[in-house]
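Q: What follows is upload.cif, made up of mmCIF, C-alpha atoms:
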data_run
loop_
_atom_site.label_atom_id
_atom_site.label_comp_id
_atom_site.auth_asym_id
_atom_site.auth_seq_id
_atom_site.Cartn_x
_atom_site.Cartn_y
_atom_site.Cartn_z
CA MET A 1 45.36 -78.35 39.56
CA ARG A 2 42.55 -77.35 41.91
CA THR A 3 44.34 -74.11 42.90
CA THR A 4 44.84 -73.13 39.29
CA LEU A 5 41.15 -73.67 38.56
CA LYS A 6 40.12 -71.44 41.49
CA VAL A 7 42.41 -68.63 40.35
CA SER A 8 41.11 -68.98 36.85
CA CYS A 9 37.44 -68.78 38.00
CA PHE A 10 38.20 -65.77 40.16
CA SER A 11 39.90 -63.96 37.30
CA TRP A 12 36.99 -64.59 34.94
CA THR A 13 34.39 -63.35 37.46
CA TYR A 14 36.49 -60.32 38.31
CA ALA A 15 36.98 -59.44 34.67
CA LYS A 16 33.23 -59.79 34.02
CA ASN A 17 32.33 -57.45 36.88
CA LEU A 18 34.98 -54.97 35.87
CA SER A 19 33.66 -54.89 32.28
CA PHE A 20 30.15 -54.31 33.56
CA ILE A 21 31.29 -51.42 35.77
CA ILE A 22 33.26 -49.79 32.95
CA ALA A 23 30.37 -50.20 30.51
CA SER A 24 27.93 -48.68 33.02
CA ALA A 25 30.25 -45.77 33.69
CA LEU A 26 30.68 -45.10 29.96
CA LEU A 27 26.93 -45.25 29.42
CA LEU A 28 26.38 -42.83 32.30
CA ILE A 29 29.01 -40.40 30.98
CA TYR A 30 27.63 -40.62 27.44
CA GLY A 31 24.08 -40.21 28.68
CA SER A 32 25.00 -37.16 30.77
CA ALA A 33 26.82 -35.67 27.81
CA ALA A 34 23.81 -36.24 25.57
CA VAL A 35 21.49 -34.57 28.08
CA ALA A 36 23.93 -31.70 28.47
CA GLN A 37 24.11 -31.22 24.68
CA ALA A 38 20.37 -30.73 24.15
CA ALA A 39 19.97 -27.43 26.01
CA VAL A 40 16.68 -25.56 25.77
CA LEU A 41 16.85 -21.84 25.00
CA ARG A 42 13.79 -19.66 25.36
CA VAL A 43 12.78 -16.56 23.43
CA PRO A 44 11.99 -13.93 24.65
CA GLY A 45 12.69 -15.28 28.19
CA GLU A 46 16.47 -15.71 27.94
CA TYR A 47 17.01 -14.01 24.59
CA LYS A 48 15.09 -11.06 23.20
CA LYS A 49 15.70 -12.00 19.58
CA ILE A 50 15.44 -15.39 17.92
CA GLN A 51 18.73 -14.75 16.11
CA ALA A 52 20.45 -14.14 19.46
CA ALA A 53 19.26 -17.55 20.65
CA VAL A 54 20.41 -19.14 17.38
CA ASP A 55 23.86 -17.57 17.78
CA ALA A 56 24.13 -18.72 21.41
CA ALA A 57 22.89 -22.25 20.75
CA SER A 58 25.10 -25.25 20.21
CA PRO A 59 24.34 -27.88 17.57
CA GLY A 60 21.44 -30.07 18.71
CA ASP A 61 19.93 -27.46 21.03
CA VAL A 62 16.24 -26.69 21.15
CA ILE A 63 14.95 -23.11 20.88
CA ILE A 64 11.39 -22.49 22.05
CA VAL A 65 9.83 -19.24 20.89
CA ALA A 66 6.80 -17.80 22.66
CA GLY A 67 3.91 -16.31 20.72
CA GLY A 68 4.37 -12.75 19.46
CA ALA A 69 5.54 -10.64 16.53
CA TYR A 70 9.27 -10.72 15.75
CA LEU A 71 10.79 -8.27 13.30
CA GLU A 72 14.08 -9.83 12.20
CA ASN A 73 15.89 -11.91 9.61
CA ILE A 74 17.09 -15.24 10.93
CA LEU A 75 20.13 -17.12 9.64
CA ILE A 76 20.56 -20.73 10.77
CA LYS A 77 23.84 -22.46 10.00
CA LYS A 78 23.83 -25.28 12.54
CA PRO A 79 21.52 -28.18 13.38
CA LEU A 80 18.89 -26.76 15.72
CA SER A 81 15.33 -27.51 16.59
CA ILE A 82 13.32 -24.28 16.65
CA ARG A 83 9.67 -24.41 17.56
CA SER A 84 6.96 -22.09 18.76
CA SER A 85 5.01 -22.53 21.95
CA GLY A 86 2.26 -20.11 20.94
CA GLY A 87 1.22 -21.75 17.68
CA VAL A 88 1.64 -20.91 14.04
CA ASP A 89 -0.81 -18.00 13.94
CA GLU A 90 0.48 -16.40 17.12
CA THR A 91 4.20 -16.62 16.36
CA VAL A 92 4.87 -14.33 13.42
CA ILE A 93 8.35 -13.53 12.11
CA GLU A 94 8.49 -10.64 9.67
CA ALA A 95 11.57 -9.71 7.67
CA ALA A 96 13.35 -6.65 9.10
CA ASP A 97 15.47 -6.37 5.95
CA LYS A 98 12.93 -6.90 3.17
CA THR A 99 15.60 -7.71 0.60
CA LYS A 100 16.61 -10.86 2.52
CA ALA A 101 14.62 -13.99 3.29
CA THR A 102 12.80 -13.91 6.59
CA VAL A 103 14.43 -17.20 7.65
CA THR A 104 17.47 -18.70 5.93
CA VAL A 105 18.82 -22.18 6.59
CA GLU A 106 22.23 -22.46 5.00
CA GLY A 107 24.94 -25.12 4.72
CA THR A 108 23.75 -27.37 7.50
CA SER A 109 21.70 -30.47 8.23
CA GLY A 110 19.06 -31.63 10.66
CA VAL A 111 17.39 -28.27 11.26
CA SER A 112 13.80 -28.48 12.43
CA LEU A 113 11.28 -25.60 12.20
CA VAL A 114 7.84 -26.06 13.71
CA GLY A 115 4.87 -23.72 14.10
CA PHE A 116 5.78 -20.28 12.72
CA THR A 117 4.45 -17.71 10.30
CA PHE A 118 7.15 -16.23 8.03
CA LYS A 119 6.22 -13.18 6.01
CA GLY A 120 7.07 -9.77 4.59
CA SER A 121 10.15 -10.56 2.48
CA GLU A 122 10.85 -9.45 -1.07
CA SER A 123 12.96 -12.60 -1.42
CA ALA A 124 11.32 -15.52 0.42
CA GLY A 125 9.61 -16.36 3.67
CA LEU A 126 11.87 -19.39 4.09
CA ARG A 127 15.05 -20.03 2.15
CA ILE A 128 16.83 -23.37 2.49
CA PHE A 129 20.18 -23.34 0.74
CA ASN A 130 22.73 -26.14 0.39
CA SER A 131 21.30 -28.05 3.32
CA LYS A 132 20.27 -31.62 4.10
CA GLY A 133 17.46 -33.15 6.13
CA VAL A 134 15.70 -29.92 7.11
CA ARG A 135 12.25 -30.54 8.60
CA VAL A 136 9.57 -27.89 8.16
CA ILE A 137 6.29 -28.66 9.90
CA ASN A 138 3.17 -26.56 10.37
CA ILE A 139 4.63 -23.37 8.90
CA LYS A 140 2.89 -20.49 7.17
CA ALA A 141 5.14 -18.83 4.58
CA VAL A 142 2.87 -16.09 3.29
CA GLU A 143 2.79 -12.56 1.90
CA SER A 144 6.35 -12.58 0.56
CA GLU A 145 7.79 -12.68 -2.95
CA ASN A 146 8.07 -16.46 -2.58
CA GLY A 147 6.73 -18.62 0.21
CA ALA A 148 9.58 -21.10 0.52
CA VAL A 149 12.63 -21.62 -1.66
CA LEU A 150 14.87 -24.69 -1.71
CA ILE A 151 18.17 -24.40 -3.54
CA SER A 152 20.68 -27.26 -3.78
CA SER A 153 19.09 -28.97 -0.82
CA THR A 154 18.28 -32.63 -0.23
CA GLU A 155 16.05 -34.75 1.98
CA THR A 156 14.02 -31.76 3.15
CA GLN A 157 10.60 -32.53 4.58
CA ILE A 158 7.90 -29.92 4.28
CA PHE A 159 4.73 -31.13 5.92
CA ASN A 160 1.36 -29.60 6.83
CA SER A 161 2.42 -26.07 5.91
CA ASN A 162 0.80 -23.18 4.03
CA MET A 163 2.66 -21.33 1.31
CA ASP A 164 -0.18 -19.09 0.15
CA TYR A 165 -0.70 -15.47 -0.93
CA ASN A 166 2.82 -14.84 -2.21
CA THR A 167 3.64 -12.57 -5.13
CA SER A 168 5.45 -15.20 -7.23
CA PHE A 169 5.71 -18.82 -6.08
CA GLY A 170 4.33 -20.75 -3.15
CA LEU A 171 7.25 -23.19 -3.15
CA TYR A 172 10.24 -23.11 -5.48
CA LEU A 173 12.79 -25.93 -5.76
CA GLU A 174 15.99 -25.48 -7.72
CA ARG A 175 18.60 -28.22 -8.10
CA SER A 176 17.14 -29.97 -5.06
CA GLN A 177 16.78 -33.74 -4.87
CA TYR A 178 15.07 -36.35 -2.67
CA ASN A 179 12.81 -33.88 -0.87
CA ASN A 180 9.44 -34.84 0.54
CA ILE A 181 6.67 -32.25 0.12
CA ARG A 182 3.38 -33.52 1.51
CA GLU A 183 0.00 -32.30 2.70
CA ASN A 184 0.70 -28.59 2.24
CA THR A 185 -1.27 -25.80 0.61
CA MET A 186 0.25 -23.62 -2.11
CA SER A 187 -2.70 -21.50 -3.16
CA TYR A 188 -3.58 -17.93 -4.20
CA ASN A 189 -0.03 -17.16 -5.33
CA GLY A 190 0.60 -14.52 -7.98
CA ASP A 191 2.43 -16.85 -10.35
CA LYS A 192 2.88 -20.56 -9.61
CA GLY A 193 1.94 -22.73 -6.68
CA LEU A 194 4.82 -25.20 -6.87
CA PHE A 195 7.74 -24.86 -9.24
CA LEU A 196 10.40 -27.56 -9.60
CA SER A 197 13.38 -26.46 -11.66
CA TYR A 198 16.23 -28.93 -12.31
CA SER A 199 15.00 -30.90 -9.30
CA SER A 200 14.65 -34.67 -9.43
CA ASN A 201 13.61 -37.64 -7.31
CA ASN A 202 11.30 -35.60 -5.10
CA THR A 203 8.03 -36.82 -3.64
CA ILE A 204 5.10 -34.42 -3.92
CA SER A 205 1.97 -35.87 -2.34
CA GLY A 206 -1.34 -34.82 -0.84
CA ASN A 207 -0.88 -31.10 -1.51
CA SER A 208 -3.61 -28.58 -2.41
CA VAL A 209 -2.36 -26.24 -5.11
CA ASN A 210 -5.35 -24.11 -6.02
CA LEU A 211 -6.30 -20.73 -7.45
CA ASN A 212 -2.80 -19.65 -8.44
CA SER A 213 -2.64 -17.04 -11.19
CA TRP A 214 -0.62 -19.18 -13.58
CA ASN A 215 0.49 -22.81 -13.08
CA GLY A 216 -0.54 -24.97 -10.19
CA ILE A 217 2.47 -27.29 -10.41
CA LEU A 218 5.26 -26.81 -12.94
CA LEU A 219 8.08 -29.30 -13.52
CA TRP A 220 10.89 -27.89 -15.61
CA PHE A 221 13.97 -30.02 -16.42
CA SER A 222 12.94 -32.16 -13.46
CA ASN A 223 12.98 -35.95 -13.70
CA ASP A 224 11.84 -39.02 -11.76
CA ASN A 225 9.63 -37.15 -9.33
CA ASN A 226 6.67 -38.90 -7.71
CA ILE A 227 3.59 -36.64 -7.91
CA ASN A 228 0.58 -38.25 -6.27
CA ASN A 229 -2.75 -37.41 -4.64
CA ASN A 230 -2.44 -33.66 -5.20
CA ARG A 231 -5.27 -31.25 -6.01
CA THR A 232 -4.62 -28.55 -8.57
CA LEU A 233 -7.93 -26.76 -8.89
CA ARG A 234 -8.83 -23.56 -10.69
CA ASN A 235 -5.33 -22.51 -11.70
CA THR A 236 -4.82 -21.22 -15.23
CA TYR A 237 -2.94 -24.48 -15.91
CA GLY A 238 -3.18 -27.25 -13.35
CA LEU A 239 -0.12 -29.42 -13.86
CA VAL A 240 2.53 -28.56 -16.43
CA ILE A 241 5.57 -30.67 -17.27
CA GLY A 242 8.25 -29.44 -19.63
CA GLU A 243 11.65 -30.85 -20.67
CA SER A 244 11.29 -33.57 -18.06
CA SER A 245 11.07 -37.36 -18.05
CA GLY A 246 10.40 -40.31 -15.78
CA ASN A 247 7.95 -38.49 -13.51
CA ILE A 248 5.22 -40.67 -12.00
CA LEU A 249 1.81 -39.04 -11.72
CA THR A 250 -0.94 -40.88 -9.87
CA ASP A 251 -4.35 -39.91 -8.48
CA ASN A 252 -3.97 -36.16 -8.92
CA VAL A 253 -7.18 -34.12 -9.30
CA THR A 254 -7.30 -31.11 -11.60
CA LEU A 255 -10.15 -28.73 -12.40
CA PRO A 256 -9.60 -25.89 -14.86
CA ASN A 257 -10.46 -22.29 -14.17
CA ILE A 258 -13.98 -22.41 -15.63
CA PHE A 259 -15.71 -20.59 -12.80
CA ILE A 260 -16.06 -17.35 -14.77
CA ILE A 261 -17.69 -18.81 -17.86
CA MET A 262 -19.59 -21.63 -16.18
CA PRO A 263 -22.49 -19.60 -14.64
CA VAL A 264 -23.06 -17.84 -17.97
CA LEU A 265 -23.27 -21.20 -19.73
CA LEU A 266 -25.59 -22.50 -17.02
CA ILE A 267 -28.00 -19.57 -17.46
CA TYR A 268 -28.07 -20.18 -21.22
CA THR A 269 -28.70 -23.85 -20.45
CA GLY A 270 -31.54 -22.75 -18.15
CA VAL A 271 -33.24 -20.90 -21.03
CA LEU A 272 -32.87 -23.98 -23.25
CA VAL A 273 -34.19 -26.22 -20.47
CA TYR A 274 -37.27 -23.97 -20.16
CA LEU A 275 -37.97 -24.30 -23.89
CA ILE A 276 -37.48 -28.08 -23.74
CA GLN A 277 -39.70 -28.35 -20.67
CA LYS A 278 -42.42 -26.28 -22.33
CA TYR A 279 -42.27 -28.36 -25.49
CA THR A 280 -42.36 -31.61 -23.47
CA VAL A 281 -45.27 -30.52 -21.26
CA THR A 282 -47.22 -29.30 -24.29
CA LEU A 283 -46.70 -32.68 -25.96
CA LEU A 284 -47.84 -34.52 -22.84
CA TYR A 285 -50.80 -32.37 -21.81
CA GLY A 286 -51.63 -30.40 -24.95
CA ASP A 287 -52.33 -26.66 -25.09
CA MET B 1 -14.16 -37.97 -5.75
CA ILE B 2 -17.97 -37.94 -6.07
CA LEU B 3 -18.29 -35.84 -2.91
CA LEU B 4 -15.79 -33.37 -4.38
CA TYR B 5 -17.89 -32.65 -7.45
CA LEU B 6 -21.43 -33.39 -6.23
CA PRO B 7 -22.14 -29.98 -4.61
CA THR B 8 -20.94 -28.22 -7.78
CA VAL B 9 -23.10 -30.42 -9.96
CA LEU B 10 -26.13 -29.86 -7.70
CA ALA B 11 -25.58 -26.09 -7.51
CA SER B 12 -25.20 -25.94 -11.31
CA LEU B 13 -28.40 -27.92 -11.79
CA GLY B 14 -30.09 -25.53 -9.36
CA LEU B 15 -28.96 -22.53 -11.43
CA ILE B 16 -30.38 -24.10 -14.61
CA LEU B 17 -33.71 -24.81 -12.89
CA ALA B 18 -33.81 -21.37 -11.25
CA THR B 19 -33.40 -19.74 -14.67
CA SER B 20 -36.11 -21.93 -16.14
CA SER B 21 -38.30 -21.25 -13.12
CA PHE B 22 -37.78 -17.49 -13.47
CA ILE B 23 -38.91 -17.53 -17.11
CA SER B 24 -41.90 -19.76 -16.36
CA GLY B 25 -42.82 -17.51 -13.40
CA LEU B 26 -42.88 -14.46 -15.69
CA GLN B 27 -44.94 -16.37 -18.26
CA ILE B 28 -47.52 -17.28 -15.60
CA ILE B 29 -48.18 -13.56 -15.08
CA ARG B 30 -48.16 -12.58 -18.73
CA THR B 31 -50.30 -15.30 -20.28
CA SER B 32 -54.00 -15.77 -19.76
CA ASN B 33 -53.70 -19.57 -19.78
CA PRO B 34 -50.68 -20.38 -17.61
CA SER B 35 -51.29 -24.10 -17.01
CA ILE B 36 -48.20 -25.33 -18.88
CA ASP B 37 -45.93 -22.74 -17.28
CA ALA B 38 -47.51 -23.45 -13.91
CA LYS B 39 -46.55 -27.15 -14.25
CA ILE B 40 -42.97 -26.25 -15.24
CA HIS B 41 -42.78 -23.74 -12.42
CA LYS B 42 -44.07 -26.25 -9.89
CA PHE B 43 -41.68 -29.00 -10.98
CA ASN B 44 -38.65 -26.68 -11.03
CA GLY B 45 -39.64 -25.21 -7.68
CA TYR B 46 -39.84 -28.56 -5.87
CA VAL B 47 -36.56 -29.80 -7.34
CA SER B 48 -34.78 -26.50 -6.62
CA ILE B 49 -35.86 -26.45 -2.97
CA SER B 50 -34.77 -30.07 -2.55
CA ILE B 51 -31.34 -29.24 -4.00
CA TYR B 52 -31.14 -26.14 -1.83
CA ILE B 53 -31.74 -28.18 1.32
CA ILE B 54 -29.20 -30.83 0.24
CA LEU B 55 -26.60 -28.10 -0.37
CA THR B 56 -27.33 -26.64 3.07
CA VAL B 57 -26.64 -30.01 4.66
CA PHE B 58 -23.45 -30.40 2.57
CA GLY B 59 -22.28 -26.98 3.71
CA PHE B 60 -22.69 -27.84 7.37
CA VAL B 61 -21.10 -31.27 6.96
CA ASN B 62 -18.04 -29.76 5.27
CA SER B 63 -17.60 -26.58 7.31
CA GLY B 64 -19.37 -27.31 10.59
CA PHE B 65 -22.46 -25.71 12.04
CA ASN B 66 -22.62 -21.93 12.35
CA PRO B 67 -25.84 -20.10 13.37
CA LEU B 68 -25.02 -17.11 11.12
CA VAL B 69 -24.53 -19.39 8.12
CA LEU B 70 -27.81 -21.10 8.97
CA LEU B 71 -29.47 -17.67 9.02
CA ALA B 72 -28.06 -16.94 5.56
CA TRP B 73 -29.34 -20.26 4.21
CA LEU B 74 -32.77 -19.63 5.77
CA SER B 75 -32.98 -16.13 4.30
CA GLY B 76 -32.25 -17.59 0.85
CA LEU B 77 -34.92 -20.21 1.40
CA SER B 78 -37.38 -17.53 2.50
CA VAL B 79 -36.85 -15.66 -0.80
CA ILE B 80 -37.74 -18.84 -2.69
CA LEU B 81 -40.78 -19.46 -0.48
CA VAL B 82 -42.07 -15.86 -0.78
CA LYS B 83 -41.76 -16.04 -4.54
CA LEU B 84 -43.67 -19.35 -4.57
CA TRP B 85 -46.34 -17.82 -2.34
CA ILE B 86 -46.78 -14.82 -4.67
CA VAL B 87 -47.09 -17.02 -7.73
CA LYS B 88 -49.52 -19.33 -5.94
CA LYS B 89 -51.71 -16.45 -4.75
CA ARG B 90 -51.78 -14.90 -8.21
CA ARG B 91 -52.85 -11.57 -6.77
CA ARG B 92 -52.62 -8.69 -9.20
CA THR B 93 -50.99 -6.40 -6.62
CA LEU B 94 -48.26 -8.96 -5.84
CA LYS B 95 -47.47 -10.08 -9.37
CA LYS B 96 -45.09 -7.24 -10.12
CA TYR B 97 -42.74 -8.60 -7.41
CA VAL B 98 -42.35 -11.99 -9.12
CA SER B 99 -39.72 -10.74 -11.54
CA TRP B 100 -37.67 -9.23 -8.72
CA PHE B 101 -37.84 -12.37 -6.65
CA GLY B 102 -37.03 -14.42 -9.73
CA VAL B 103 -33.90 -12.38 -10.39
CA THR B 104 -32.94 -12.67 -6.70
CA ILE B 105 -33.29 -16.44 -6.87
CA VAL B 106 -31.10 -16.63 -9.98
CA ILE B 107 -28.49 -14.49 -8.18
CA ILE B 108 -28.68 -16.78 -5.12
CA TRP B 109 -28.06 -19.77 -7.35
CA LEU B 110 -25.19 -17.96 -9.06
CA TYR B 111 -23.62 -17.42 -5.66
CA LEU B 112 -24.21 -21.04 -4.67
CA THR B 113 -22.56 -22.23 -7.87
CA TYR B 114 -19.52 -20.06 -7.18
CA ILE B 115 -19.02 -21.16 -3.59
CA HIS B 116 -19.52 -24.83 -4.35
CA ILE B 117 -16.91 -25.11 -7.04
CA PRO B 118 -14.48 -27.26 -5.09
CA ILE B 119 -11.07 -26.02 -4.01
#
Here is a file; write its structure as structure tokens.
A:
Amino acid sequence: MRTTLKVSCFSWTYAKNLSFIIASALLLIYGSAAVAQAAVLRVPGEYKKIQAAVDAASPGDVIIVAGGAYLENILIKKPLSIRSSGGVDETVIEAADKTKATVTVEGTSGVSLVGFTFKGSESAGLRIFNSKGVRVINIKAVESENGAVLISSTETQIFNSNMDYNTSFGLYLERSQYNNIRENTMSYNGDKGLFLSYSSNNTISGNSVNLNSWNGILLWFSNDNNINNNRTLRNTYGLVIGESSGNILTDNVTLPNIFIIMPVLLIYTGVLVYLIQKYTVTLLYGD
Amino acid sequence: MILLYLPTVLASLGLILATSSFISGLQIIRTSNPSIDAKIHKFNGYVSISIYIILTVFGFVNSGFNPLVLLAWLSGLSVILVKLWIVKKRRRTLKKYVSWFGVTIVIIWLYLTYIHIPI
């Protein structure tokens, strides 16, 4: 009886230690693999072109781009984190082929873009197509036909970015759901600041959409979007909703484009005020 | 919300008073008994300068201090002060400049109204 108990205790202790060793080994292997997966590629250090680094990278890799001007069109079809080390104003990517978007993210998920200026495209500075969970932070998408375009994409986050001075739209969403667009500027565009077409359940908050030639924000066949704390100042029309339902609008500020007529009215008011003042003073003090 | 619109409201009020002040300034020169216009001119002048100083402070609070911007604000203020000095002196040789200074002040207020419409 005693012998059996000893053997039993030994077996249990041995098994426990063995499990611990195996678990530790697995953790170590997994950890090493994880570290090995997230390689860092540098442009222009290791690769002259950003696209070359994108092509060479494996899913999950990080590409760090130094400040400078890059003339190319970039196509991203795998989950990568691409960020600049020189800052948004110093790291400028201009479309080599003007007919294509400067940067295209297509058919992938988990792409992250941080700290770039995209410009010079007759299509779009940034085009996100059929993708999920793309993160766009501190980007300038300027001086293109459209700043950024999202088509059939979900769960995109666009944060703290500028989509200004484009010929048509600052940001255009088509058939895109559950995206989060917050604290961006979409101003001085030739047509609309933000255009949602057939796009539902998006959150649009804290954006400044000012001085666009036509609409500030337009929702067209777009339902159940949450539009809050945005500024749409001095557009021809601030916030326009058509053929849409279930959108929640809270705490948005709009100011119409009255800056042309307002000074003229004020000068006329000044003349009237003079006459009123003169009449009042004459009444009080006499001639 | 109030801070968003307040500079625009103040600048607009300044433009109204500058216009009224310009007309009253001209009337002071033209009429032989300018006491009523002098009162209007004085009232508008004090209020306009107060608004001008408040807008200057607003500008620096919103955009930070810049010596060149301060110089621009001071030059605008100097135009207002020179015009006030001319009107106060009532010298025949200086009177012809009142209309020019008046127009300049209205233009300054026009500019202020433009730049303070919030975006």
Q: Enumerate, as number ranges by chain, the residues matched when the PyMOL selection byres ((chain A) within 9 of (chain B)) is run on the file above.
A: A: 208-211, 231-234, 253, 255, 259-260, 262-263, 266-275, 277-278, 281-282, 285-287
Q: Skipping near chain neighbours, those fewer than 3 positions away, what residues fall within 9 Å of region 99-101 of chain A using only C-alpha atoms, listed as a list in words?
A: Asn73, Ile74, Leu75, Ala95, Ala96, Thr104, Lys119, Gly120, Ser121, Glu122, Ser123, Ala124, Gly125, Leu126, Arg127 and Ser144 of chain A
Q: Taking the file as I've supplied it (selection: the PyMOL selection byres ((chain A and resi 175) around 12)), which residues are included? Please answer as a ChimeraX atom specification.
A: /A:128-131,149-154,172-174,176-179,195-202,219-223
Q: Written as a VMD selection string, which residues does the PyMOL selection byres ((chain A and resi 166) around 9) give for the file shown?
A: chain A and resid 124 141 to 147 163 to 165 167 to 170 187 to 191
Q: I'd like the contact shell of Tyr237 (chain A) - 10 Å cut-off, all atoms listed in the file, skipping same-chain residues fewer than 5 positions apart - returned as a short mmCIF file (atom, residue, chain, number, x, y, z; two decimals) with C-alpha atoms, in the frame of the given file.
A:
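result24.cif was written with the following content:
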data_model
loop_
_atom_site.label_atom_id
_atom_site.label_comp_id
_atom_site.auth_asym_id
_atom_site.auth_seq_id
_atom_site.Cartn_x
_atom_site.Cartn_y
_atom_site.Cartn_z
CA LYS A 192 2.88 -20.56 -9.61
CA LEU A 211 -6.30 -20.73 -7.45
CA ASN A 212 -2.80 -19.65 -8.44
CA SER A 213 -2.64 -17.04 -11.19
CA TRP A 214 -0.62 -19.18 -13.58
CA ASN A 215 0.49 -22.81 -13.08
CA GLY A 216 -0.54 -24.97 -10.19
CA ILE A 217 2.47 -27.29 -10.41
CA LEU A 218 5.26 -26.81 -12.94
CA THR A 232 -4.62 -28.55 -8.57
CA THR A 254 -7.30 -31.11 -11.60
CA LEU A 255 -10.15 -28.73 -12.40
CA PRO A 256 -9.60 -25.89 -14.86
CA ASN A 257 -10.46 -22.29 -14.17
#
Q: Have a look at CA of Gly115 (chain A) and CA of Gly87 (chain A) and let me know their distance in Å, one decimal.
A: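 These atoms are spaced 5.5 Å apart.
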Q: Just need the box for region 59-67 of chain B, edges along x, y and z, holding every atom the file lists for it with 5 Å tacked onto each side, so centre and edge lengths in Å to one decimal, as AutoDock Vina command-line options.
A:
--center_x -21.7 --center_y -25.7 --center_z 8.5 --size_x 18.2 --size_y 21.2 --size_z 19.7
Q: Mind pulling up the distance from CA of Thr203 (chain A) to CA of Pro59 (chain A)?
A: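 That distance, rounded to one decimal, is 28.2 Å.
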Q: Of the candidates A:Ser81, A:Thr250, A:Thr236, A:Thr108, which one gets nearest to Ile204 (chain A) if we count all atoms listed in the file?
A: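 That would be A:Thr250, the residue with the smallest distance to Ile204 (chain A).
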Q: Separation of CA of Val9 (chain B) and CA of Ile54 (chain B), in Å?
A: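 Separating CA of Val9 (chain B) from CA of Ile54 (chain B) is a distance of 11.9 Å.
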Q: Generate N, CA and C atoms for region 77-93 of chain A and emit them as a CSV table (one decimal), keeping the file's coordinate frame.
A:
chain,number,residue,atom,x,y,z
A,77,LYS,N,22.7,-21.7,10.7
A,77,LYS,CA,23.8,-22.5,10.0
A,77,LYS,C,24.3,-23.6,10.8
A,78,LYS,N,23.5,-24.1,11.7
A,78,LYS,CA,23.8,-25.3,12.5
A,78,LYS,C,22.6,-26.1,12.9
A,79,PRO,N,22.7,-27.4,13.1
A,79,PRO,CA,21.5,-28.2,13.4
A,79,PRO,C,20.8,-27.8,14.7
A,80,LEU,N,19.7,-27.2,14.6
A,80,LEU,CA,18.9,-26.8,15.7
A,80,LEU,C,17.4,-27.2,15.5
A,81,SER,N,16.8,-27.3,16.6
A,81,SER,CA,15.3,-27.5,16.6
A,81,SER,C,14.7,-26.2,17.1
A,82,ILE,N,14.0,-25.5,16.2
A,82,ILE,CA,13.3,-24.3,16.6
A,82,ILE,C,11.8,-24.4,16.5
A,83,ARG,N,11.1,-24.3,17.6
A,83,ARG,CA,9.7,-24.4,17.6
A,83,ARG,C,9.0,-23.3,18.4
A,84,SER,N,7.7,-23.1,18.0
A,84,SER,CA,7.0,-22.1,18.8
A,84,SER,C,6.1,-22.8,19.8
A,85,SER,N,5.9,-22.0,20.9
A,85,SER,CA,5.0,-22.5,22.0
A,85,SER,C,3.6,-21.9,21.8
A,86,GLY,N,3.5,-20.8,21.1
A,86,GLY,CA,2.3,-20.1,20.9
A,86,GLY,C,1.4,-20.5,19.8
A,87,GLY,N,2.0,-21.3,18.9
A,87,GLY,CA,1.2,-21.8,17.7
A,87,GLY,C,1.6,-20.9,16.5
A,88,VAL,N,1.2,-21.5,15.3
A,88,VAL,CA,1.6,-20.9,14.0
A,88,VAL,C,1.1,-19.5,13.8
A,89,ASP,N,-0.2,-19.3,14.2
A,89,ASP,CA,-0.8,-18.0,13.9
A,89,ASP,C,-0.4,-16.9,14.9
A,90,GLU,N,0.1,-17.3,16.1
A,90,GLU,CA,0.5,-16.4,17.1
A,90,GLU,C,2.0,-16.1,17.1
A,91,THR,N,2.8,-16.8,16.4
A,91,THR,CA,4.2,-16.6,16.4
A,91,THR,C,4.6,-16.2,15.0
A,92,VAL,N,4.7,-14.9,14.8
A,92,VAL,CA,4.9,-14.3,13.4
A,92,VAL,C,6.2,-13.7,13.3
A,93,ILE,N,7.0,-14.1,12.4
A,93,ILE,CA,8.4,-13.5,12.1
A,93,ILE,C,8.3,-12.8,10.8
